[in-house]
file coords.cif (mmCIF, C-alpha atoms and all ligand atoms)
data_work
loop_
_atom_site.label_atom_id
_atom_site.label_comp_id
_atom_site.auth_asym_id
_atom_site.auth_seq_id
_atom_site.Cartn_x
_atom_site.Cartn_y
_atom_site.Cartn_z
CA MET A 15 67.08 78.09 85.32
CA ASN A 16 69.59 75.38 86.19
CA ILE A 17 72.90 76.37 87.76
CA LEU A 18 76.17 74.52 88.26
CA LEU A 19 78.30 75.72 91.17
CA VAL A 20 81.91 74.50 91.22
CA GLY A 21 83.68 74.01 94.56
CA SER A 22 83.38 72.24 97.90
CA GLY A 23 84.20 74.72 100.65
CA GLY A 24 82.38 76.91 103.12
CA ARG A 25 82.41 79.64 100.47
CA GLU A 26 80.46 77.46 98.05
CA HIS A 27 77.96 76.46 100.74
CA ALA A 28 77.44 80.19 101.47
CA ILE A 29 77.01 80.92 97.73
CA ALA A 30 74.50 78.06 97.54
CA HIS A 31 72.52 79.55 100.44
CA ALA A 32 72.30 82.88 98.61
CA LEU A 33 71.38 81.29 95.26
CA VAL A 34 68.45 79.30 96.58
CA LYS A 35 66.77 82.58 97.60
CA SER A 36 66.47 83.51 93.92
CA PRO A 37 63.07 82.99 92.28
CA ARG A 38 64.94 82.33 89.02
CA LEU A 39 66.64 79.18 90.29
CA THR A 40 65.19 75.86 89.19
CA ARG A 41 67.89 73.31 90.01
CA LEU A 42 71.22 73.84 91.73
CA PHE A 43 74.01 71.34 91.07
CA VAL A 44 77.24 71.54 93.08
CA ALA A 45 80.45 69.91 91.89
CA PRO A 46 81.69 68.23 93.98
CA GLY A 47 80.03 70.01 96.92
CA ASN A 48 80.00 68.83 100.54
CA PRO A 49 77.40 67.46 103.00
CA GLY A 50 76.16 71.03 103.58
CA THR A 51 75.58 71.84 99.91
CA ALA A 52 73.80 68.50 99.53
CA ARG A 53 71.00 69.96 101.65
CA VAL A 54 70.41 72.94 99.37
CA GLY A 55 71.33 71.45 96.01
CA LEU A 56 72.36 68.26 94.32
CA ASN A 57 76.02 67.28 94.64
CA VAL A 58 77.55 65.82 91.49
CA ALA A 59 80.87 64.00 91.22
CA LEU A 60 82.38 66.14 88.47
CA ASP A 61 86.07 66.96 88.28
CA ALA A 62 86.42 70.69 87.47
CA ALA A 63 89.81 70.00 85.86
CA ASP A 64 88.10 67.76 83.28
CA HIS A 65 86.71 70.53 81.10
CA ASP A 66 85.12 68.13 78.60
CA ALA A 67 83.18 66.40 81.36
CA VAL A 68 81.93 69.74 82.72
CA ILE A 69 80.83 70.85 79.23
CA ARG A 70 79.03 67.53 78.66
CA PHE A 71 77.25 67.87 81.99
CA CYS A 72 76.18 71.44 81.21
CA ARG A 73 74.64 70.32 77.93
CA GLU A 74 72.85 67.33 79.43
CA GLU A 75 71.40 69.33 82.32
CA GLN A 76 70.74 72.53 80.36
CA ILE A 77 72.89 74.63 82.67
CA ALA A 78 72.24 78.35 82.17
CA LEU A 79 75.20 79.55 84.26
CA VAL A 80 78.31 77.95 85.76
CA ILE A 81 79.58 79.67 88.90
CA VAL A 82 83.22 78.94 89.70
CA GLY A 83 83.97 79.35 93.43
CA PRO A 84 87.69 78.60 93.93
CA GLU A 85 90.77 80.00 92.18
CA GLN A 86 92.33 76.79 90.83
CA PRO A 87 89.69 76.06 88.15
CA LEU A 88 89.70 79.76 87.14
CA ILE A 89 93.47 79.80 86.77
CA GLY A 90 93.13 76.44 84.99
CA GLY A 91 90.95 78.03 82.29
CA LEU A 92 87.53 76.51 83.05
CA VAL A 93 85.71 79.73 82.10
CA ASP A 94 87.55 79.89 78.75
CA ALA A 95 86.59 76.29 78.00
CA LEU A 96 82.92 76.93 78.81
CA GLU A 97 82.75 80.16 76.83
CA ALA A 98 84.21 78.40 73.80
CA TYR A 99 81.04 76.30 73.87
CA ASP A 100 78.76 79.30 74.53
CA ILE A 101 78.09 78.27 78.09
CA LEU A 102 77.72 81.31 80.35
CA ALA A 103 80.14 81.35 83.29
CA PHE A 104 80.66 83.56 86.34
CA GLY A 105 84.33 84.25 86.97
CA PRO A 106 87.37 85.50 85.06
CA THR A 107 89.10 83.84 82.13
CA GLN A 108 92.52 82.29 82.60
CA ALA A 109 94.24 85.44 81.34
CA ALA A 110 92.25 87.66 83.72
CA ALA A 111 92.79 85.26 86.64
CA ARG A 112 96.50 86.09 86.42
CA LEU A 113 95.68 88.92 88.83
CA GLU A 114 95.66 86.17 91.45
CA GLY A 115 97.80 83.55 89.71
CA SER A 116 100.92 85.68 89.35
CA LYS A 117 102.03 88.21 91.93
CA GLY A 118 104.69 89.50 89.53
CA PHE A 119 102.04 90.17 86.84
CA THR A 120 99.94 92.16 89.30
CA LYS A 121 102.90 94.13 90.65
CA ASP A 122 103.96 95.14 87.12
CA LEU A 123 100.39 96.18 86.35
CA CYS A 124 100.34 98.35 89.50
CA ARG A 125 103.61 99.96 88.40
CA ASP A 126 102.32 100.65 84.88
CA TYR A 127 99.01 102.15 86.04
CA ASP A 128 100.22 103.96 89.13
CA ILE A 129 98.20 101.82 91.52
CA PRO A 130 99.34 102.28 95.14
CA THR A 131 101.13 99.15 96.39
CA ALA A 132 104.31 98.16 98.22
CA ARG A 133 107.63 98.88 96.42
CA TYR A 134 108.95 95.62 94.98
CA ALA A 135 111.39 93.74 92.79
CA ARG A 136 111.08 90.39 90.96
CA PHE A 137 113.79 87.71 90.94
CA SER A 138 114.35 84.43 89.17
CA ALA A 139 117.78 83.70 90.67
CA LEU A 140 119.05 83.44 94.23
CA GLU A 141 122.13 85.71 94.25
CA PRO A 142 120.47 88.95 93.05
CA ALA A 143 117.57 88.30 95.45
CA LEU A 144 119.94 87.95 98.40
CA ARG A 145 121.78 91.10 97.35
CA TYR A 146 118.48 93.04 97.22
CA LEU A 147 117.57 91.79 100.70
CA ARG A 148 120.92 92.97 102.10
CA GLU A 149 120.54 96.35 100.44
CA ASN A 150 117.01 96.90 101.79
CA GLY A 151 117.15 95.21 105.21
CA ALA A 152 114.30 93.95 107.40
CA PRO A 153 111.37 94.02 107.95
CA ILE A 154 110.76 92.89 104.40
CA VAL A 155 108.26 90.61 102.65
CA VAL A 156 109.21 87.59 100.50
CA LYS A 157 106.61 85.96 98.22
CA ALA A 158 106.55 82.97 95.89
CA ASP A 159 105.23 84.27 92.56
CA GLY A 160 102.52 81.65 91.99
CA LEU A 161 99.75 80.03 94.01
CA ALA A 162 100.92 78.51 97.29
CA ALA A 163 97.66 78.01 99.22
CA GLY A 164 98.25 81.16 101.27
CA LYS A 165 101.58 79.83 102.53
CA GLY A 166 103.93 81.42 100.01
CA VAL A 167 104.30 84.72 101.89
CA VAL A 168 106.88 85.42 104.58
CA VAL A 169 106.74 88.73 106.43
CA ALA A 170 110.33 88.62 107.65
CA GLN A 171 111.22 90.61 110.76
CA THR A 172 114.93 89.88 110.40
CA LEU A 173 117.31 89.68 107.45
CA ASP A 174 118.13 86.12 108.45
CA GLU A 175 114.48 85.07 108.18
CA ALA A 176 114.16 86.78 104.80
CA GLU A 177 117.28 85.06 103.43
CA GLN A 178 116.02 81.68 104.61
CA ALA A 179 112.66 82.27 102.91
CA VAL A 180 114.28 83.18 99.60
CA GLN A 181 116.60 80.17 99.81
CA ALA A 182 113.69 77.82 100.57
CA MET A 183 111.65 79.19 97.64
CA PHE A 184 114.45 78.83 95.12
CA ALA A 185 115.20 75.37 96.55
CA GLY A 186 111.69 74.37 95.46
CA ALA A 187 109.64 74.60 98.69
CA PHE A 188 106.65 75.71 96.57
CA GLY A 189 107.53 73.89 93.35
CA GLN A 190 107.00 75.97 90.21
CA SER A 191 105.15 78.66 92.21
CA GLY A 192 108.50 79.59 93.78
CA ALA A 193 110.57 79.58 90.58
CA GLU A 194 110.11 83.35 90.68
CA VAL A 195 110.17 85.38 93.87
CA VAL A 196 108.77 88.84 94.61
CA ILE A 197 110.41 90.84 97.38
CA GLU A 198 108.56 93.86 98.66
CA GLU A 199 108.45 96.63 101.17
CA CYS A 200 106.68 95.82 104.44
CA LEU A 201 103.56 97.97 104.69
CA GLU A 202 102.22 99.20 108.01
CA GLY A 203 98.58 99.69 108.89
CA GLU A 204 95.37 97.76 109.32
CA GLU A 205 94.32 95.19 106.72
CA ALA A 206 90.89 95.01 105.10
CA SER A 207 89.31 93.02 102.29
CA PHE A 208 87.39 94.83 99.58
CA PHE A 209 85.17 93.05 97.07
CA ALA A 210 83.99 94.42 93.73
CA ILE A 211 81.73 92.68 91.21
CA CYS A 212 82.85 93.22 87.62
CA ASP A 213 81.53 92.67 84.11
CA GLY A 214 84.67 93.19 82.04
CA VAL A 215 84.16 96.93 81.71
CA ARG A 216 82.59 98.13 84.93
CA ALA A 217 83.18 97.36 88.56
CA LEU A 218 80.64 97.95 91.32
CA PRO A 219 81.63 98.08 94.98
CA PHE A 220 80.27 94.93 96.60
CA ALA A 221 81.23 94.64 100.25
CA THR A 222 84.01 94.84 102.83
CA ALA A 223 85.26 92.36 105.41
CA GLN A 224 88.16 91.73 107.70
CA ASP A 225 89.53 88.23 108.15
CA HIS A 226 91.84 86.62 110.66
CA LYS A 227 94.63 84.75 108.91
CA ARG A 228 96.70 83.62 111.89
CA VAL A 229 95.79 80.39 113.63
CA GLY A 230 96.00 81.69 117.21
CA ASP A 231 94.18 84.22 119.39
CA GLY A 232 95.61 87.73 119.24
CA ASP A 233 96.66 87.08 115.62
CA THR A 234 99.57 84.83 116.58
CA GLY A 235 101.02 81.64 115.07
CA PRO A 236 101.27 80.56 111.45
CA ASN A 237 99.06 81.82 108.62
CA THR A 238 96.01 79.79 107.58
CA GLY A 239 93.39 80.09 104.85
CA GLY A 240 91.40 82.19 107.36
CA MET A 241 90.09 81.40 110.86
CA GLY A 242 87.13 83.80 110.85
CA ALA A 243 85.86 87.08 109.47
CA TYR A 244 83.32 89.82 109.90
CA SER A 245 81.54 92.26 107.62
CA PRO A 246 81.21 95.19 107.11
CA ALA A 247 84.69 96.50 107.95
CA SER A 248 84.02 99.98 109.34
CA VAL A 249 87.68 100.94 108.79
CA VAL A 250 86.75 101.18 105.11
CA THR A 251 84.90 104.50 105.40
CA PRO A 252 82.99 105.93 102.41
CA ASP A 253 86.00 108.17 101.74
CA ILE A 254 88.43 105.24 101.76
CA GLU A 255 86.05 103.24 99.59
CA ALA A 256 86.04 106.03 97.01
CA ARG A 257 89.86 106.00 96.97
CA ILE A 258 89.92 102.20 96.58
CA MET A 259 87.49 102.38 93.66
CA ASN A 260 89.23 105.32 91.94
CA ASP A 261 92.89 104.59 92.62
CA ILE A 262 92.94 100.78 92.67
CA ILE A 263 89.90 99.02 91.18
CA ALA A 264 89.12 101.35 88.24
CA PRO A 265 92.70 101.47 86.87
CA THR A 266 92.92 97.68 87.25
CA MET A 267 89.77 97.25 85.14
CA ARG A 268 91.27 99.59 82.54
CA ALA A 269 94.61 97.78 82.60
CA MET A 270 92.99 94.39 82.09
CA ARG A 271 90.98 95.68 79.14
CA ASP A 272 94.12 97.23 77.66
CA ARG A 273 95.87 93.87 78.03
CA GLY A 274 93.08 92.07 76.19
CA ALA A 275 91.94 90.29 79.34
CA PRO A 276 88.86 92.13 80.63
CA PHE A 277 88.05 91.10 84.19
CA LYS A 278 84.67 89.55 84.97
CA GLY A 279 83.58 88.06 88.27
CA VAL A 280 84.61 89.00 91.80
CA LEU A 281 87.71 91.10 92.25
CA TYR A 282 88.88 90.74 95.83
CA ALA A 283 91.48 93.29 96.90
CA GLY A 284 93.54 92.58 100.00
CA LEU A 285 94.46 96.05 101.24
CA MET A 286 96.67 97.71 103.78
CA LEU A 287 95.17 100.94 105.06
CA THR A 288 98.35 102.93 105.51
CA LYS A 289 98.94 106.50 106.66
CA GLU A 290 99.22 107.51 103.00
CA GLY A 291 95.94 105.79 102.10
CA PRO A 292 94.84 102.33 100.96
CA LYS A 293 97.51 100.21 99.22
CA LEU A 294 97.03 96.94 97.39
CA ILE A 295 98.63 93.88 99.03
CA GLU A 296 97.26 91.37 96.59
CA TYR A 297 94.35 90.50 94.34
CA ASN A 298 92.22 87.38 94.38
CA CYS A 299 89.92 86.62 91.48
CA ARG A 300 86.99 85.11 93.46
CA PHE A 301 85.15 85.43 96.75
CA GLY A 302 87.18 84.94 99.90
CA ASP A 303 86.69 81.95 102.14
CA PRO A 304 85.53 82.65 104.90
CA GLU A 305 84.70 86.20 103.73
CA ALA A 306 81.85 84.98 101.50
CA GLN A 307 80.22 83.53 104.61
CA VAL A 308 79.87 87.02 106.14
CA ILE A 309 79.24 89.06 102.99
CA LEU A 310 76.54 87.02 101.30
CA PRO A 311 74.10 86.76 104.24
CA ARG A 312 74.04 90.60 104.22
CA LEU A 313 73.26 90.89 100.50
CA GLU A 314 69.72 92.14 99.88
CA ASP A 315 69.76 91.86 96.10
CA ASP A 316 69.45 88.64 94.11
CA LEU A 317 72.93 87.06 93.86
CA LEU A 318 71.93 84.95 90.87
CA GLU A 319 70.77 88.05 88.94
CA LEU A 320 74.03 89.82 89.73
CA MET A 321 76.14 86.87 88.65
CA LEU A 322 74.20 86.53 85.39
CA ALA A 323 74.64 90.24 84.71
CA SER A 324 78.38 90.01 85.41
CA ALA A 325 78.77 87.01 83.09
CA ARG A 326 76.79 88.75 80.33
CA GLY A 327 78.83 91.94 80.63
CA ALA A 328 75.81 93.96 81.70
CA LEU A 329 75.88 94.85 85.39
CA PRO A 330 73.22 97.33 86.53
CA LEU A 331 74.23 100.95 87.18
CA GLU A 332 73.31 100.81 90.85
CA ARG A 333 75.60 99.14 93.35
CA PRO A 334 74.23 96.02 95.08
CA ARG A 335 72.37 96.66 98.33
CA PHE A 336 73.44 95.22 101.66
CA SER A 337 71.82 95.07 105.07
CA PRO A 338 73.44 97.40 107.61
CA ARG A 339 73.50 94.43 110.01
CA ALA A 340 76.83 92.85 110.88
CA ALA A 341 77.83 89.27 110.19
CA LEU A 342 80.62 87.32 111.84
CA THR A 343 81.90 83.83 111.18
CA VAL A 344 84.06 81.54 113.29
CA VAL A 345 85.95 78.74 111.56
CA LEU A 346 86.08 75.40 113.36
CA ALA A 347 89.20 73.55 112.30
CA ALA A 348 90.48 70.03 112.90
CA LYS A 349 93.31 69.74 115.43
CA ASN A 350 96.80 70.35 114.06
CA TYR A 351 95.56 72.66 111.24
CA PRO A 352 97.28 74.45 109.42
CA GLY A 353 99.65 71.48 109.69
CA THR A 354 98.30 68.11 108.50
CA PRO A 355 94.86 68.04 110.15
CA ILE A 356 93.75 65.08 112.24
CA THR A 357 90.58 63.99 110.45
CA GLY A 358 87.90 61.37 111.07
CA SER A 359 86.59 62.63 114.43
CA GLU A 360 82.84 62.93 114.95
CA ILE A 361 81.03 66.28 115.23
CA ARG A 362 77.76 66.35 117.20
CA ASN A 363 75.01 68.82 118.01
CA VAL A 364 75.31 70.95 114.87
CA THR A 365 71.52 71.07 114.57
CA SER A 366 71.00 72.60 118.01
CA ALA A 367 73.70 75.19 117.31
CA GLU A 368 71.94 76.12 114.08
CA ALA A 369 68.68 76.66 115.97
CA ILE A 370 70.03 79.85 117.58
CA GLU A 371 68.41 82.90 116.03
CA GLY A 372 70.47 84.46 113.26
CA VAL A 373 72.94 81.56 113.10
CA THR A 374 73.83 79.62 109.94
CA ILE A 375 76.37 76.84 109.72
CA THR A 376 78.24 76.19 106.52
CA HIS A 377 80.25 73.08 105.84
CA ALA A 378 83.78 72.94 104.47
CA GLY A 379 85.84 69.81 105.23
CA THR A 380 83.08 67.48 106.43
CA ARG A 381 81.85 64.09 105.33
CA GLU A 382 78.93 61.92 106.35
CA ALA A 383 79.16 58.24 107.21
CA ASP A 384 76.34 56.12 108.68
CA GLY A 385 74.40 59.24 109.58
CA ARG A 386 77.34 60.70 111.50
CA LEU A 387 79.12 63.94 110.60
CA LEU A 388 82.91 63.55 110.47
CA ALA A 389 85.86 65.91 110.05
CA ALA A 390 87.43 65.44 106.63
CA GLY A 391 89.72 68.45 106.18
CA GLY A 392 91.55 71.33 107.87
CA ARG A 393 88.83 73.95 108.01
CA VAL A 394 85.70 71.96 108.78
CA LEU A 395 82.71 74.16 109.69
CA ASN A 396 81.88 77.87 109.71
CA VAL A 397 79.53 79.20 112.34
CA THR A 398 78.06 82.46 111.05
CA ALA A 399 75.79 84.84 112.94
CA LEU A 400 74.05 88.09 112.09
CA GLY A 401 73.56 90.85 114.66
CA GLU A 402 72.81 94.54 115.09
CA SER A 403 76.50 95.01 115.88
CA VAL A 404 79.65 92.95 115.43
CA ALA A 405 79.63 92.37 119.20
CA GLU A 406 76.12 90.90 118.99
CA ALA A 407 77.01 88.73 116.00
CA GLN A 408 80.11 87.58 117.85
CA ALA A 409 78.16 86.66 121.01
CA ARG A 410 75.64 84.66 118.95
CA ALA A 411 78.31 82.90 116.92
CA TYR A 412 80.23 81.78 120.01
CA ALA A 413 77.01 80.71 121.76
CA ALA A 414 76.44 78.42 118.78
CA VAL A 415 80.07 77.26 118.73
CA ASP A 416 79.77 76.29 122.40
CA LEU A 417 76.81 74.03 121.64
CA ILE A 418 78.79 72.03 119.09
CA ASP A 419 80.29 68.90 120.57
CA TRP A 420 83.57 68.26 118.77
CA PRO A 421 86.59 67.32 120.90
CA GLY A 422 88.66 66.85 117.71
CA GLY A 423 88.36 70.51 116.69
CA PHE A 424 89.34 74.00 117.78
CA CYS A 425 88.63 77.63 116.92
CA ARG A 426 89.86 81.10 117.74
CA ARG A 427 87.95 82.79 120.56
CA ASP A 428 88.55 86.38 119.48
CA ILE A 429 87.18 86.72 115.94
CA GLY A 430 86.17 90.35 115.33
CA TRP A 431 88.19 91.71 118.26
CA ARG A 432 89.33 94.89 116.52
CA GLU A 433 85.80 95.88 115.57
CA VAL A 434 84.30 94.93 118.94
CA ALA A 435 86.89 97.18 120.60
CA ARG A 436 86.00 100.01 118.21
CA GLU A 437 82.29 99.56 118.92
CA GLN A 438 82.94 99.73 122.66
CA LYS A 439 84.92 102.92 122.19
CA ARG A 440 82.15 104.50 120.12
CA ALA A 441 79.45 103.60 122.67
P1 LIG A 501 99.06 87.56 100.64
O1 LIG A 501 99.03 86.07 100.44
O2 LIG A 501 99.79 88.32 99.58
O3 LIG A 501 97.70 88.12 101.01
O4 LIG A 501 99.87 87.79 101.96
C1 LIG A 501 99.48 87.15 103.16
C2 LIG A 501 99.60 88.13 104.29
O5 LIG A 501 100.94 88.60 104.39
C3 LIG A 501 98.77 89.39 104.10
O6 LIG A 501 97.45 89.22 104.50
C4 LIG A 501 99.50 90.36 104.98
O7 LIG A 501 99.17 90.15 106.34
C5 LIG A 501 100.94 89.96 104.80
N1 LIG A 501 101.58 90.80 103.77
C6 LIG A 501 101.70 90.53 102.45
N2 LIG A 501 102.34 91.51 101.81
C7 LIG A 501 102.67 92.44 102.75
C8 LIG A 501 103.37 93.69 102.73
N3 LIG A 501 103.89 94.18 101.61
N4 LIG A 501 103.50 94.35 103.89
C9 LIG A 501 103.01 93.86 105.04
N5 LIG A 501 102.35 92.69 105.13
C10 LIG A 501 102.18 91.97 104.01
N1 LIG A 502 90.40 84.27 103.30
C1 LIG A 502 91.41 84.48 102.35
C2 LIG A 502 91.12 83.97 101.00
O1 LIG A 502 90.04 83.51 100.67
O2 LIG A 502 92.02 84.03 100.17
#
call {"tool": "encode", "arguments": {"input": "coords.cif", "output": "structure tokens"}}
result
Amino acid sequence: MNILLVGSGGREHAIAHALVKSPRLTRLFVAPGNPGTARVGLNVALDAADHDAVIRFCREEQIALVIVGPEQPLIGGLVDALEAYDILAFGPTQAAARLEGSKGFTKDLCRDYDIPTARYARFSALEPALRYLRENGAPIVVKADGLAAGKGVVVAQTLDEAEQAVQAMFAGAFGQSGAEVVIEECLEGEEASFFAICDGVRALPFATAQDHKRVGDGDTGPNTGGMGAYSPASVVTPDIEARIMNDIIAPTMRAMRDRGAPFKGVLYAGLMLTKEGPKLIEYNCRFGDPEAQVILPRLEDDLLELMLASARGALPLERPRFSPRAALTVVLAAKNYPGTPITGSEIRNVTSAEAIEGVTITHAGTREADGRLLAAGGRVLNVTALGESVAEAQARAYAAVDLIDWPGGFCRRDIGWREVAREQKRA
């Protein structure tokens, strides 16, 4: 069957890698894709925001399933538009994507269904928000309600910092996304990412990962879209997984059905593992980037089959199977990221890095010109390695990173440090 994959990041390249393993795949189109996806599929210059153009393309190319990678087209209603024309799509409808698109919506849902999360309040005016901050004190967390490319969250250590964040949001620092602000309790613990695959009624546990959001070693500096990740996250023990499924994922599925917006696709829970148990920090309605790069290489079942089953509302009873091996990915970013990245520099030696056993390189912000590979975005390449342990995957990934010749880029040198330390302790 023919598949259309929407997106252009490292996540989509990783999804493409998994799809081409499926015997059911005939042709893979990627819109718009990147130089990496061009090697496994056919890139097409389609604008995902132009729903009519996507529908036309699907009809012309007899697309059996559209897979939507990033959140913007989901929140923009691409799945609804396709379904209206009986085109099967993997991912939630616009109404279900509110789990990611509106933090206030998700917080209210947690309140109504008793889902463990940080205590919170919603504000649409400055004065009451400032009053709430003064009453509750720091540390405290301030969030723009809508999408803000991972930059709309301030974990304020002082009251001053919190007040400045609220003022900036109401002054329009995030446009409409900041017209409403959520203020919440600062949770303590270790973070983990939990992924479930859903078909509107049922959710199956998919995989766990831990990512590194801060730009600098030792988890310092500003937040980014993610500088690296590893999977599985051993902090999510079978007991904790059962609590996540029972206390967080299952009631969310029920809530979305009750609200007339059953959730299909990937439900990605960002969690804080606190002393009282796992608590929801936020939901995303798609695979993480770079988490997909470490989860999908471990998947032993057919991703295309699973996505079809999710879209049709008929997931199997058994949870998907994963290799016990570890995967770790290091993001190579252009200098000055997460500020305005300095693009255009040449990247050499990617092929020799890829030749290391167990290493795969996925592209994100790259472009090709005259046979040369150039940086064209903030996060540029992901170097992913498999290993018997996270330490082994880490050693392989950095061996590959060190072969890449790119003076215009940088990466963190400590991806996976928490898990490597745990492994050393266990040994
Ligand atoms: P989010 O965009 O909601 O995932 O938030 C970005 C990051 O801010 C999270 O990964 C956490 O590190 C941090 N964060 C968000 N909410 C809280 C909270 N209530 N308590 C502590 N840290 C938080
Ligand atoms: N890595 C975080 C995200 O995909 O949202």
call {"tool": "atom_distance", "arguments": {"input": "coords.cif", "atom1": "atom CA of A:Gly23", "atom2": "atom CA of A:Asp66"}}
result
23.0 Å
call {"tool": "residues_near_ligand", "arguments": {"input": "coords.cif", "ligand": "ligand LIG 502 (chain A)", "cutoff": "10 Å", "atoms": "all atoms listed in the file", "output": "ChimeraX atom specification"}}
result
/A:25,84-85,114,163-164,207,223-227,238-243,282-284,296-306
call {"tool": "closest_atom_pairs", "arguments": {"input": "coords.cif", "of": "chain A", "to": "ligand LIG 501 (chain A)", "cutoff": "6 Å", "atoms": "all atoms listed in the file", "output": "tab-separated table"}}
result
residue	atom	partner	partner_atom	distance
A:Ala132	CA	A:LIG501	N3	5.2
A:Val155	CA	A:LIG501	N3	5.7
A:Gly164	CA	A:LIG501	O1	5.0
A:Val167	CA	A:LIG501	O4	5.4
A:Glu198	CA	A:LIG501	N3	5.5
A:Glu199	CA	A:LIG501	N3	5.2
A:Cys200	CA	A:LIG501	N4	3.5
A:Leu201	CA	A:LIG501	N4	3.7
A:Ile295	CA	A:LIG501	N2	5.2
A:Glu296	CA	A:LIG501	O2	5.0
call {"tool": "closest_residue", "arguments": {"input": "coords.cif", "among": "A:Leu113, A:Ile69, A:Ile356, A:Leu318", "to": "A:Asn16", "atoms": "only C-alpha atoms"}}
result
A:Leu318
call {"tool": "atom_distance", "arguments": {"input": "coords.cif", "atom1": "atom CA of A:Gly391", "atom2": "atom CA of A:Ala187"}}
result
22.2 Å
call {"tool": "atom_distance", "arguments": {"input": "coords.cif", "atom1": "atom CA of A:Pro236", "atom2": "atom CA of A:Ser138"}}
result
26.1 Å
call {"tool": "closest_residue", "arguments": {"input": "coords.cif", "among": "A:Phe277, A:Phe220, A:Phe188, A:Tyr351", "to": "A:Leu313", "atoms": "only C-alpha atoms"}}
result
A:Phe220
call {"tool": "closest_residue", "arguments": {"input": "coords.cif", "among": "A:Ser248, A:Thr40, A:Thr343, A:Thr51", "to": "A:Gly379", "atoms": "all atoms listed in the file"}}
result
A:Thr51
call {"tool": "residues_around", "arguments": {"input": "coords.cif", "residues": "stretch 174-182 of chain A", "least_positions_apart": "2", "cutoff": "8 Å", "atoms": "all atoms listed in the file", "output": "list in words"}}
result
Leu140, Ala143, Leu144, Leu147, Ala152, Ile154, Val155, Val156, Val168, Val169, Ala170, Gln171, Thr172, Phe184, Ala185, Gly186, Ala187 and Val195 of chain A
call {"tool": "closest_residue", "arguments": {"input": "coords.cif", "among": "A:Ile429, A:Lys117, A:Gly151, A:Met259", "to": "A:Glu194", "atoms": "only C-alpha atoms"}}
result
A:Lys117
call {"tool": "residues_around", "arguments": {"input": "coords.cif", "residues": "stretch 320-323 of chain A", "least_positions_apart": "6", "cutoff": "10 Å", "atoms": "only C-alpha atoms", "output": "ChimeraX atom specification"}}
result
/A:33,78-81,102-105,211-213,278-280,329-330,334
call {"tool": "write_last_selection", "arguments": {"input": "coords.cif", "atoms": "C-alpha atoms", "output": "PDB file, in the frame of the given file"}}
result
ATOM      1  CA  LEU A  33      71.380  81.290  95.260  1.00  0.00           C
ATOM      2  CA  ALA A  78      72.240  78.350  82.170  1.00  0.00           C
ATOM      3  CA  LEU A  79      75.200  79.550  84.260  1.00  0.00           C
ATOM      4  CA  VAL A  80      78.310  77.950  85.760  1.00  0.00           C
ATOM      5  CA  ILE A  81      79.580  79.670  88.900  1.00  0.00           C
ATOM      6  CA  LEU A 102      77.720  81.310  80.350  1.00  0.00           C
ATOM      7  CA  ALA A 103      80.140  81.350  83.290  1.00  0.00           C
ATOM      8  CA  PHE A 104      80.660  83.560  86.340  1.00  0.00           C
ATOM      9  CA  GLY A 105      84.330  84.250  86.970  1.00  0.00           C
ATOM     10  CA  ILE A 211      81.730  92.680  91.210  1.00  0.00           C
ATOM     11  CA  CYS A 212      82.850  93.220  87.620  1.00  0.00           C
ATOM     12  CA  ASP A 213      81.530  92.670  84.110  1.00  0.00           C
ATOM     13  CA  LYS A 278      84.670  89.550  84.970  1.00  0.00           C
ATOM     14  CA  GLY A 279      83.580  88.060  88.270  1.00  0.00           C
ATOM     15  CA  VAL A 280      84.610  89.000  91.800  1.00  0.00           C
ATOM     16  CA  LEU A 329      75.880  94.850  85.390  1.00  0.00           C
ATOM     17  CA  PRO A 330      73.220  97.330  86.530  1.00  0.00           C
ATOM     18  CA  PRO A 334      74.230  96.020  95.080  1.00  0.00           C
TER      19      PRO A 334
END
call {"tool": "closest_residue", "arguments": {"input": "coords.cif", "among": "A:Pro352, A:Gly401, A:Val44, A:Pro142", "to": "A:Ile29", "atoms": "all atoms listed in the file"}}
result
A:Val44
call {"tool": "closest_residue", "arguments": {"input": "coords.cif", "among": "A:Glu368, A:Glu204, A:Glu360, A:Asp128", "to": "A:Ala389", "atoms": "only C-alpha atoms"}}
result
A:Glu360
call {"tool": "residues_around", "arguments": {"input": "coords.cif", "residues": "A:Leu417", "least_positions_apart": "4", "cutoff": "10 Å", "atoms": "only C-alpha atoms", "output": "ChimeraX atom specification"}}
result
/A:362-368,370,412-413
call {"tool": "residues_around", "arguments": {"input": "coords.cif", "residues": "A:Glu255", "least_positions_apart": "6", "cutoff": "9 Å", "atoms": "all atoms listed in the file", "output": "list of chain:residue names"}}
result
A:Phe208, A:Pro219, A:Pro292
